[in-house]
>>> print(open('upload19.csv').read())   # CSV, C-alpha atoms
chain,number,residue,atom,x,y,z
A,13,MET,CA,6.6,8.5,-23.8
A,14,LYS,CA,3.0,8.5,-22.4
A,15,ALA,CA,2.4,9.1,-18.7
A,16,LEU,CA,-0.3,10.0,-16.3
A,17,VAL,CA,0.4,13.6,-15.1
A,18,PHE,CA,-1.1,15.4,-12.1
A,19,GLN,CA,-2.4,18.8,-13.3
A,20,GLU,CA,-4.2,20.1,-10.3
A,21,PRO,CA,-6.5,18.7,-7.6
A,22,GLY,CA,-9.2,16.8,-9.4
A,23,ARG,CA,-7.5,16.7,-12.8
A,24,THR,CA,-5.0,14.4,-14.4
A,25,THR,CA,-4.1,13.7,-18.0
A,26,TRP,CA,-2.5,10.8,-19.9
A,27,ARG,CA,-0.2,12.6,-22.3
A,28,ASP,CA,3.2,12.8,-23.8
A,29,VAL,CA,6.2,13.6,-21.6
A,30,PRO,CA,9.9,13.4,-22.1
A,31,ASP,CA,11.5,10.0,-21.7
A,32,PRO,CA,13.4,9.6,-18.4
A,33,GLY,CA,17.2,9.3,-18.5
A,34,ILE,CA,20.0,8.3,-16.1
A,35,GLU,CA,20.6,11.2,-13.7
A,36,ASP,CA,22.9,9.5,-11.1
A,37,ALA,CA,25.2,6.5,-11.4
A,38,SER,CA,22.9,4.6,-9.0
A,39,ASP,CA,19.8,4.9,-11.3
A,40,VAL,CA,18.1,2.4,-13.5
A,41,ILE,CA,15.6,3.1,-16.3
A,42,VAL,CA,12.7,0.5,-16.2
A,43,ARG,CA,10.3,-0.2,-19.0
A,44,VAL,CA,7.0,-0.6,-17.2
A,45,ASP,CA,5.3,-4.0,-17.9
A,46,ALA,CA,2.6,-3.8,-15.1
A,47,VAL,CA,1.5,-1.0,-12.8
A,48,THR,CA,-1.4,-0.4,-10.4
A,49,ILE,CA,-3.2,2.4,-8.7
A,50,CYS,CA,-3.0,3.0,-5.0
A,51,GLY,CA,-5.5,4.6,-2.6
A,52,THR,CA,-2.7,7.1,-1.9
A,53,ASP,CA,-2.9,8.1,-5.6
A,54,LEU,CA,-6.5,9.0,-5.1
A,55,HIS,CA,-5.6,11.1,-2.1
A,56,ILE,CA,-3.0,13.0,-4.3
A,57,VAL,CA,-5.6,13.6,-7.0
A,58,LYS,CA,-8.0,15.0,-4.4
A,59,GLY,CA,-5.3,17.4,-3.2
A,60,ASP,CA,-4.6,15.7,0.2
A,61,VAL,CA,-0.8,15.5,-0.5
A,62,PRO,CA,0.3,19.1,-1.2
A,63,GLU,CA,4.0,18.1,-1.7
A,64,VAL,CA,2.9,16.7,-5.1
A,65,SER,CA,3.4,19.5,-7.6
A,66,PRO,CA,1.5,20.0,-10.9
A,67,GLY,CA,3.3,18.3,-13.7
A,68,ARG,CA,4.3,15.3,-11.6
A,69,VAL,CA,4.0,11.8,-13.2
A,70,LEU,CA,2.0,9.8,-10.6
A,71,GLY,CA,2.5,6.2,-9.4
A,72,HIS,CA,4.8,4.3,-7.1
A,73,GLU,CA,4.2,0.6,-7.9
A,74,ALA,CA,5.4,-1.3,-10.9
A,75,VAL,CA,7.0,-4.4,-12.4
A,76,GLY,CA,9.1,-3.9,-15.4
A,77,THR,CA,12.3,-4.7,-17.4
A,78,VAL,CA,15.6,-2.8,-16.8
A,79,VAL,CA,16.6,-1.1,-20.1
A,80,GLU,CA,19.5,1.0,-18.8
A,81,ALA,CA,21.6,1.0,-15.6
A,82,GLY,CA,24.0,3.6,-14.1
A,83,GLY,CA,27.6,2.7,-13.6
A,84,ASP,CA,27.3,2.1,-9.9
A,85,VAL,CA,24.4,-0.4,-10.1
A,86,ARG,CA,25.5,-3.9,-9.1
A,87,THR,CA,22.4,-6.0,-8.4
A,88,VAL,CA,20.6,-5.8,-11.7
A,89,ARG,CA,21.4,-5.2,-15.4
A,90,PRO,CA,19.6,-4.4,-18.6
A,91,GLY,CA,17.2,-7.2,-19.5
A,92,ASP,CA,16.4,-8.2,-15.9
A,93,ARG,CA,12.7,-8.2,-14.9
A,94,VAL,CA,12.3,-6.4,-11.6
A,95,LEU,CA,9.8,-5.3,-8.9
A,96,VAL,CA,10.0,-1.5,-8.5
A,97,SER,CA,9.4,-0.8,-4.8
A,98,CYS,CA,7.2,2.1,-3.6
A,99,ILE,CA,10.2,3.1,-1.3
A,100,SER,CA,13.7,4.1,-2.5
A,101,ALA,CA,16.6,3.7,-0.1
A,102,CYS,CA,19.9,5.5,-0.2
A,103,GLY,CA,21.5,2.8,2.0
A,104,ARG,CA,23.8,5.3,3.8
A,105,CYS,CA,21.7,7.5,6.1
A,106,ARG,CA,20.9,6.7,9.8
A,107,PHE,CA,17.4,5.4,8.9
A,108,CYS,CA,18.5,3.2,6.1
A,109,ARG,CA,21.1,1.6,8.3
A,110,GLU,CA,18.3,0.7,10.7
A,111,ALA,CA,16.3,-0.7,7.7
A,112,ARG,CA,13.7,2.1,8.2
A,113,TYR,CA,13.9,3.0,4.5
A,114,GLY,CA,10.6,4.9,4.5
A,115,GLN,CA,12.3,7.6,6.6
A,116,CYS,CA,15.4,7.8,4.4
A,117,ARG,CA,17.2,11.2,4.7
A,118,GLY,CA,19.6,10.6,1.8
A,119,GLY,CA,17.2,11.4,-1.1
A,120,GLY,CA,15.0,8.3,-0.8
A,121,GLY,CA,11.9,7.3,1.1
A,122,TRP,CA,8.6,7.7,-0.7
A,123,VAL,CA,9.8,9.7,-3.7
A,124,LEU,CA,8.3,8.0,-6.8
A,125,GLY,CA,5.1,9.8,-7.8
A,126,HIS,CA,5.6,12.1,-4.9
A,127,THR,CA,8.7,14.3,-5.2
A,128,ILE,CA,10.0,12.7,-8.5
A,129,ASP,CA,8.2,11.3,-11.5
A,130,GLY,CA,6.6,7.9,-10.9
A,131,THR,CA,5.6,4.6,-12.4
A,132,GLN,CA,2.3,5.3,-14.2
A,133,ALA,CA,4.1,5.7,-17.4
A,134,GLU,CA,5.8,3.7,-20.1
A,135,TYR,CA,9.2,4.2,-18.5
A,136,VAL,CA,10.4,5.2,-15.1
A,137,ARG,CA,13.7,6.3,-13.6
A,138,VAL,CA,14.3,4.5,-10.3
A,139,PRO,CA,17.0,6.0,-8.0
A,140,PHE,CA,19.2,3.9,-5.6
A,141,ALA,CA,18.5,0.8,-7.7
A,142,ASP,CA,20.5,-1.6,-5.7
A,143,LEU,CA,18.1,-1.2,-2.7
A,144,SER,CA,15.0,-0.1,-4.5
A,145,VAL,CA,14.3,-2.8,-7.2
A,146,TYR,CA,14.1,-6.5,-6.7
A,147,PRO,CA,14.8,-9.2,-9.4
A,148,LEU,CA,11.8,-11.4,-10.1
A,149,PRO,CA,11.9,-15.1,-10.8
A,150,ASN,CA,10.3,-16.2,-14.0
A,151,SER,CA,7.7,-18.2,-12.2
A,152,VAL,CA,6.1,-15.0,-10.7
A,153,ASP,CA,3.5,-13.3,-12.8
A,154,SER,CA,4.0,-9.5,-13.3
A,155,VAL,CA,0.5,-8.6,-12.2
A,156,ASP,CA,0.7,-10.8,-9.0
A,157,ALA,CA,4.1,-9.3,-8.2
A,158,VAL,CA,3.1,-5.7,-8.6
A,159,LEU,CA,1.0,-6.0,-5.4
A,160,LEU,CA,4.2,-6.5,-3.5
A,161,ALA,CA,5.4,-3.0,-4.5
A,162,ASP,CA,3.2,-1.4,-1.8
A,163,ILE,CA,0.0,-3.0,-0.5
A,164,PHE,CA,1.4,-6.3,0.9
A,165,PRO,CA,4.5,-4.8,2.6
A,166,THR,CA,2.4,-1.9,3.9
A,167,ALA,CA,-0.3,-4.1,5.3
A,168,TYR,CA,2.2,-6.5,6.9
A,169,GLU,CA,4.7,-3.9,8.3
A,170,VAL,CA,2.5,-1.0,9.3
A,171,GLY,CA,-0.5,-3.1,10.2
A,172,VAL,CA,0.4,-6.6,11.3
A,173,ARG,CA,3.9,-6.1,12.5
A,174,ASN,CA,3.4,-2.7,14.1
A,175,GLY,CA,0.2,-4.1,15.7
A,176,GLY,CA,2.1,-7.0,17.1
A,177,VAL,CA,-0.5,-9.6,16.0
A,178,SER,CA,0.1,-12.9,17.9
A,179,PRO,CA,-1.5,-16.3,18.1
A,180,GLY,CA,-4.9,-16.5,19.8
A,181,GLU,CA,-5.7,-12.8,19.5
A,182,THR,CA,-8.7,-11.0,18.2
A,183,VAL,CA,-7.8,-8.7,15.3
A,184,VAL,CA,-10.1,-6.1,13.8
A,185,VAL,CA,-9.4,-4.5,10.4
A,186,VAL,CA,-11.4,-1.4,9.7
A,187,GLY,CA,-11.5,-0.9,6.0
A,188,ALA,CA,-11.6,-3.8,3.6
A,189,GLY,CA,-10.0,-2.1,0.6
A,190,PRO,CA,-6.8,-3.5,-0.9
A,191,ILE,CA,-4.6,-2.6,2.1
A,192,GLY,CA,-7.2,-3.9,4.5
A,193,LEU,CA,-7.6,-7.1,2.6
A,194,ALA,CA,-3.9,-7.6,2.5
A,195,ALA,CA,-3.9,-7.0,6.3
A,196,VAL,CA,-6.5,-9.7,6.7
A,197,ALA,CA,-4.4,-12.2,4.7
A,198,THR,CA,-1.1,-11.4,6.4
A,199,SER,CA,-2.7,-11.4,9.9
A,200,ARG,CA,-3.6,-15.1,9.2
A,201,LEU,CA,0.1,-15.9,9.1
A,202,TYR,CA,0.2,-15.4,12.9
A,203,SER,CA,-2.7,-17.7,13.8
A,204,PRO,CA,-5.0,-15.2,15.6
A,205,GLU,CA,-8.1,-16.6,17.1
A,206,ARG,CA,-10.2,-14.5,14.8
A,207,VAL,CA,-10.0,-11.7,12.3
A,208,ILE,CA,-13.0,-9.3,12.0
A,209,ALA,CA,-13.3,-7.1,8.9
A,210,VAL,CA,-15.3,-3.8,8.9
A,211,ASP,CA,-16.4,-2.0,5.8
A,212,LEU,CA,-19.4,-0.4,4.1
A,213,ALA,CA,-19.3,-2.4,0.9
A,214,ASP,CA,-20.7,-5.9,1.0
A,215,ALA,CA,-18.5,-7.1,-1.9
A,216,ARG,CA,-15.4,-6.1,0.1
A,217,LEU,CA,-16.7,-8.0,3.1
A,218,ASP,CA,-17.2,-11.0,0.9
A,219,ALA,CA,-13.6,-10.7,-0.2
A,220,ALA,CA,-12.4,-10.4,3.4
A,221,ARG,CA,-14.2,-13.7,4.2
A,222,SER,CA,-12.6,-15.4,1.2
A,223,LEU,CA,-9.1,-14.3,2.5
A,224,GLY,CA,-9.7,-15.7,6.0
A,225,ALA,CA,-11.8,-13.2,8.1
A,226,GLU,CA,-13.9,-15.2,10.5
A,227,ALA,CA,-16.4,-12.4,11.0
A,228,THR,CA,-17.4,-9.4,9.0
A,229,VAL,CA,-19.7,-6.5,9.8
A,230,ARG,CA,-20.9,-3.4,7.9
A,231,ALA,CA,-19.5,-0.1,9.3
A,232,ASP,CA,-23.1,1.2,9.7
A,233,GLU,CA,-24.2,-1.9,11.7
A,234,GLU,CA,-22.6,-1.3,15.1
A,235,PRO,CA,-19.2,-3.0,14.6
A,236,GLN,CA,-18.2,-2.0,18.2
A,237,GLN,CA,-21.0,-4.0,19.6
A,238,LEU,CA,-20.0,-7.1,17.5
A,239,VAL,CA,-16.4,-6.8,18.8
A,240,ALA,CA,-17.7,-6.5,22.4
A,241,ASP,CA,-20.0,-9.6,21.9
A,242,LEU,CA,-17.2,-11.7,20.5
A,243,THR,CA,-14.7,-10.7,23.2
A,244,ASP,CA,-16.9,-10.9,26.3
A,245,GLY,CA,-16.9,-7.1,26.4
A,246,LEU,CA,-13.2,-6.8,26.5
A,247,GLY,CA,-12.4,-5.4,23.1
A,248,ALA,CA,-9.9,-6.4,20.4
A,249,ASP,CA,-6.3,-7.1,21.0
A,250,VAL,CA,-5.3,-5.4,17.7
A,251,VAL,CA,-7.3,-2.9,15.6
A,252,MET,CA,-6.0,-1.7,12.3
A,253,GLU,CA,-7.2,1.5,10.6
A,254,ALA,CA,-7.1,1.1,6.8
A,255,VAL,CA,-9.3,3.9,5.5
A,256,GLY,CA,-7.7,7.2,6.4
A,257,VAL,CA,-10.6,9.3,7.7
A,258,PRO,CA,-11.2,10.7,11.2
A,259,GLU,CA,-14.3,8.7,11.9
A,260,THR,CA,-12.7,5.3,11.3
A,261,PHE,CA,-9.6,6.1,13.4
A,262,GLU,CA,-11.9,7.1,16.3
A,263,THR,CA,-13.9,3.9,15.8
A,264,CYS,CA,-10.7,1.9,16.1
A,265,THR,CA,-9.8,3.5,19.5
A,266,ARG,CA,-13.2,2.6,20.8
A,267,MET,CA,-12.9,-1.1,19.8
A,268,VAL,CA,-9.5,-1.8,21.3
A,269,ARG,CA,-9.1,-3.5,24.7
A,270,PRO,CA,-7.1,-2.2,27.7
A,271,GLY,CA,-3.5,-2.9,26.9
A,272,GLY,CA,-4.3,-3.4,23.2
A,273,ARG,CA,-2.8,-1.9,20.1
A,274,VAL,CA,-4.2,0.4,17.4
A,275,ALA,CA,-2.1,0.3,14.2
A,276,ASN,CA,-2.9,3.2,11.8
A,277,ILE,CA,-2.3,2.3,8.2
A,278,GLY,CA,-4.6,4.7,6.4
A,279,VAL,CA,-3.4,8.0,4.8
A,280,HIS,CA,-5.1,10.9,6.5
A,281,GLY,CA,-5.8,14.2,4.9
A,282,LYS,CA,-7.7,15.7,7.9
A,283,PRO,CA,-7.1,15.8,11.6
A,284,ALA,CA,-8.6,13.1,13.8
A,285,THR,CA,-9.6,13.6,17.4
A,286,LEU,CA,-7.5,11.6,19.9
A,287,HIS,CA,-9.8,11.0,22.9
A,288,LEU,CA,-7.2,10.9,25.6
A,289,GLU,CA,-9.9,11.5,28.2
A,290,ASP,CA,-10.9,7.9,27.6
A,291,LEU,CA,-7.6,6.4,26.4
A,292,TRP,CA,-5.1,7.7,29.0
A,293,ILE,CA,-6.0,5.0,31.6
A,294,LYS,CA,-6.3,2.1,29.2
A,295,ASP,CA,-2.6,1.4,28.4
A,296,VAL,CA,-3.3,1.6,24.7
A,297,THR,CA,-0.5,1.7,22.1
A,298,ILE,CA,-1.1,3.6,18.9
A,299,THR,CA,1.3,3.3,16.1
A,300,THR,CA,1.6,5.1,12.8
A,301,GLY,CA,4.0,4.5,9.9
A,302,LEU,CA,5.1,4.7,6.3
A,303,VAL,CA,6.1,1.3,4.9
A,304,ASP,CA,9.8,0.6,4.9
A,305,THR,CA,9.6,-2.4,2.5
A,306,SER,CA,12.2,-4.3,4.6
A,307,SER,CA,9.9,-7.3,4.3
A,308,THR,CA,9.7,-7.3,0.5
A,309,PRO,CA,12.3,-10.0,-0.1
A,310,MET,CA,10.5,-12.3,2.4
A,311,LEU,CA,7.1,-11.6,0.8
A,312,LEU,CA,8.5,-12.2,-2.6
A,313,ARG,CA,9.7,-15.7,-1.5
A,314,MET,CA,6.2,-16.4,-0.1
A,315,LEU,CA,4.6,-15.2,-3.3
A,316,ALA,CA,6.9,-17.5,-5.4
A,317,ASN,CA,5.9,-20.4,-3.2
A,318,GLY,CA,2.1,-19.8,-3.4
A,319,ARG,CA,1.7,-18.5,0.2
A,320,LEU,CA,0.3,-15.0,-0.6
A,321,PRO,CA,-3.1,-14.6,-2.3
A,322,SER,CA,-2.2,-11.5,-4.4
A,323,ALA,CA,-4.0,-12.6,-7.5
A,324,GLU,CA,-7.3,-12.7,-5.6
A,325,LEU,CA,-7.2,-8.9,-5.1
A,326,VAL,CA,-7.0,-8.0,-8.8
A,327,THR,CA,-10.6,-7.5,-10.0
A,328,HIS,CA,-10.0,-5.3,-13.1
A,329,ARG,CA,-7.3,-5.3,-15.8
A,330,PHE,CA,-6.5,-2.6,-18.4
A,331,GLU,CA,-3.8,-1.7,-20.9
A,332,LEU,CA,-1.5,1.3,-19.9
A,333,GLY,CA,-3.3,3.5,-22.4
A,334,GLN,CA,-6.5,3.1,-20.5
A,335,MET,CA,-5.1,4.8,-17.4
A,336,GLU,CA,-7.8,7.4,-17.0
A,337,GLU,CA,-10.5,4.7,-17.3
A,338,ALA,CA,-8.7,2.6,-14.7
A,339,TYR,CA,-8.7,5.6,-12.3
A,340,ASP,CA,-12.4,6.1,-12.8
A,341,VAL,CA,-13.2,2.4,-12.1
A,342,PHE,CA,-10.9,2.4,-9.0
A,343,SER,CA,-12.2,5.7,-7.6
A,344,ARG,CA,-15.8,4.4,-7.8
A,345,ALA,CA,-15.1,1.1,-6.1
A,346,ALA,CA,-18.5,1.1,-4.3
A,347,ASP,CA,-20.2,1.1,-7.7
A,348,THR,CA,-17.7,-1.0,-9.7
A,349,GLY,CA,-16.7,-3.6,-7.1
A,350,ALA,CA,-13.0,-2.8,-7.8
A,351,LEU,CA,-10.5,-4.1,-5.3
A,352,LYS,CA,-7.2,-3.6,-7.1
A,353,VAL,CA,-6.8,-2.6,-10.7
A,354,ALA,CA,-3.8,-3.7,-12.8
A,355,LEU,CA,-2.5,-2.1,-16.0
A,356,HIS,CA,-0.1,-3.8,-18.3
A,357,ALA,CA,1.9,-2.8,-21.4
A,358,PRO,CA,0.3,-4.0,-24.7
A,359,GLN,CA,1.4,-7.5,-25.5
>>> encode(input="upload19.csv", output="structure tokens")
Amino acid sequence: MKALVFQEPGRTTWRDVPDPGIEDASDVIVRVDAVTICGTDLHIVKGDVPEVSPGRVLGHEAVGTVVEAGGDVRTVRPGDRVLVSCISACGRCRFCREARYGQCRGGGGWVLGHTIDGTQAEYVRVPFADLSVYPLPNSVDSVDAVLLADIFPTAYEVGVRNGGVSPGETVVVVGAGPIGLAAVATSRLYSPERVIAVDLADARLDAARSLGAEATVRADEEPQQLVADLTDGLGADVVMEAVGVPETFETCTRMVRPGGRVANIGVHGKPATLHLEDLWIKDVTITTGLVDTSSTPMLLRMLANGRLPSAELVTHRFELGQMEEAYDVFSRAADTGALKVALHAPQ
């Protein structure tokens, strides 16, 4: 089959690799019908995730059709259309029993495109299928659904839920890429007084407004002052970091009110300074996290009922064989206007 293979930092190739096969009775093999590219994939290509070894097939998000299932699989069978989650869950370890699947110690967690071959391919082996793939209703479009493999549960769980967004609060989302935009959309589910989006790209700020942000500000135009002006100098109740660089994390800690919450969503490849000389007295809570995908069934129900604006985030579509072109467009989002790119199997 064809797959996108990580060669070394800065270099990937779309080339022939062996077809995957069943390795454990809990596995399924899925023919990939739709896949997308995540900001985390860009971090991997840059060399920020050293656990990814040369020769690894990248990708951790997909929608596809089961073509083979191991003997222990009970929830899906060949022919079923499924969402492939970015997180695999053994279902037996301490963390899985607490529904903290991202911390699985039984061979799961974030493994696809990380420690085992991933989804940016024509076929993918998915371990622990009973807890790691989700049957899709026929009414749900594959490209819409693929955004629930990672960005929507990540934004909701690591941003909105960890941040404790509540009615009447001021929420700031720093970074209006796909994750940040999903955080804007899912924050609105909790009726905050206002959501403020911060980014350097005007097109992304426009998208944030269309998804419900009441205010937007460029990152180079004193966002901290805008937040202070809108909150009578107090600061935001919840600030979400959705970029993954030291400067934006430090900006978030300067915009939060005393007693507020900073929810870090971004993937960081470099250390950030924690200014405890300022924060120790402010009763600030800082959370981090890898998505668990425990919210995926709920989000799928909302998608099926038209309550999630996933289609609005897909700006570019490609066929699977155009993977390298899709990476180029996605990695140059400031020039191309790309929010989320989607790739599909040839019709």
>>> closest_residue(input="upload19.csv", among="A:Tyr135, A:Phe342, A:Phe18, A:Phe330", to="Val44 in chain A", atoms="only C-alpha atoms")
A:Tyr135
>>> closest_atom_pairs(input="upload19.csv", of="range 276-352 of chain A", to="range 63-81 of chain A", cutoff="12 Å", atoms="all atoms listed in the file", output="JSON lines")
{"residue": "A:Leu332", "atom": "CA", "partner": "A:Ala74", "partner_atom": "CA", "distance": 11.6}
{"residue": "A:Met335", "atom": "CA", "partner": "A:Leu70", "partner_atom": "CA", "distance": 11.0}
{"residue": "A:Glu336", "atom": "CA", "partner": "A:Leu70", "partner_atom": "CA", "distance": 11.9}
{"residue": "A:Tyr339", "atom": "CA", "partner": "A:Gly71", "partner_atom": "CA", "distance": 11.6}
>>> closest_residue(input="upload19.csv", among="A:Asp92, A:Asp211, A:Asp142, A:Asp53", to="Ala37 in chain A", atoms="all atoms listed in the file")
A:Asp142
>>> atom_distance(input="upload19.csv", atom1="CA of Gly176 in chain A", atom2="CA of Ala248 in chain A")
12.5 Å
>>> atom_distance(input="upload19.csv", atom1="CA of Arg313 in chain A", atom2="CA of Pro147 in chain A")
11.4 Å
>>> residues_around(input="upload19.csv", residues="range 267-276 of chain A", least_positions_apart="6", cutoff="6 Å", atoms="only C-alpha atoms", output="PDB file with C-alpha atoms, in the coordinates of the input")
ATOM      1  CA  GLY A 171      -0.500  -3.100  10.200  1.00  0.00           C
ATOM      2  CA  GLY A 175       0.200  -4.100  15.700  1.00  0.00           C
ATOM      3  CA  GLN A 236     -18.200  -2.000  18.200  1.00  0.00           C
ATOM      4  CA  LEU A 246     -13.200  -6.800  26.500  1.00  0.00           C
ATOM      5  CA  GLY A 247     -12.400  -5.400  23.100  1.00  0.00           C
ATOM      6  CA  ALA A 248      -9.900  -6.400  20.400  1.00  0.00           C
ATOM      7  CA  ASP A 249      -6.300  -7.100  21.000  1.00  0.00           C
ATOM      8  CA  VAL A 250      -5.300  -5.400  17.700  1.00  0.00           C
ATOM      9  CA  VAL A 251      -7.300  -2.900  15.600  1.00  0.00           C
ATOM     10  CA  MET A 252      -6.000  -1.700  12.300  1.00  0.00           C
ATOM     11  CA  GLU A 253      -7.200   1.500  10.600  1.00  0.00           C
ATOM     12  CA  LYS A 294      -6.300   2.100  29.200  1.00  0.00           C
ATOM     13  CA  ASP A 295      -2.600   1.400  28.400  1.00  0.00           C
ATOM     14  CA  VAL A 296      -3.300   1.600  24.700  1.00  0.00           C
ATOM     15  CA  THR A 297      -0.500   1.700  22.100  1.00  0.00           C
ATOM     16  CA  ILE A 298      -1.100   3.600  18.900  1.00  0.00           C
ATOM     17  CA  THR A 299       1.300   3.300  16.100  1.00  0.00           C
ATOM     18  CA  THR A 300       1.600   5.100  12.800  1.00  0.00           C
TER      19      THR A 300
END
>>> atom_distance(input="upload19.csv", atom1="CA of His280 in chain A", atom2="CA of Ala111 in chain A")
24.4 Å
>>> closest_residue(input="upload19.csv", among="A:Gly121, A:Gly82, A:Gly130, A:Gly91", to="Ala15 in chain A", atoms="all atoms listed in the file")
A:Gly130
>>> residues_near_point(input="upload19.csv", point="(-18.6, -3.6, -1.1)", cutoff="6 Å", atoms="all atoms listed in the file", output="ChimeraX atom specification")
/A:213-216,346
>>> residues_near_point(input="upload19.csv", point="(-9.0, 17.4, 4.9)", cutoff="9 Å", atoms="only C-alpha atoms", output="ChimeraX atom specification")
/A:59-60,257,280-283
>>> closest_residue(input="upload19.csv", among="A:Pro358, A:Pro149, A:Pro309, A:Gly333", to="Ala133 in chain A", atoms="only C-alpha atoms")
A:Gly333
>>> closest_residue(input="upload19.csv", among="A:Ala345, A:Ile41, A:Leu302, A:Ala197", to="Cys116 in chain A", atoms="all atoms listed in the file")
A:Leu302
>>> closest_residue(input="upload19.csv", among="A:Val85, A:Val57, A:Pro321, A:Thr305", to="Cys108 in chain A", atoms="all atoms listed in the file")
A:Thr305
>>> residues_around(input="upload19.csv", residues="Leu16 in chain A", least_positions_apart="6", cutoff="6 Å", atoms="all atoms listed in the file", output="PyMOL selection string")
chain A and resi 25-26+69+132
>>> residues_around(input="upload19.csv", residues="Leu242 in chain A", least_positions_apart="2", cutoff="12 Å", atoms="all atoms listed in the file", output="ChimeraX atom specification")
/A:181-184,205-208,226-228,235-240,244-249,267
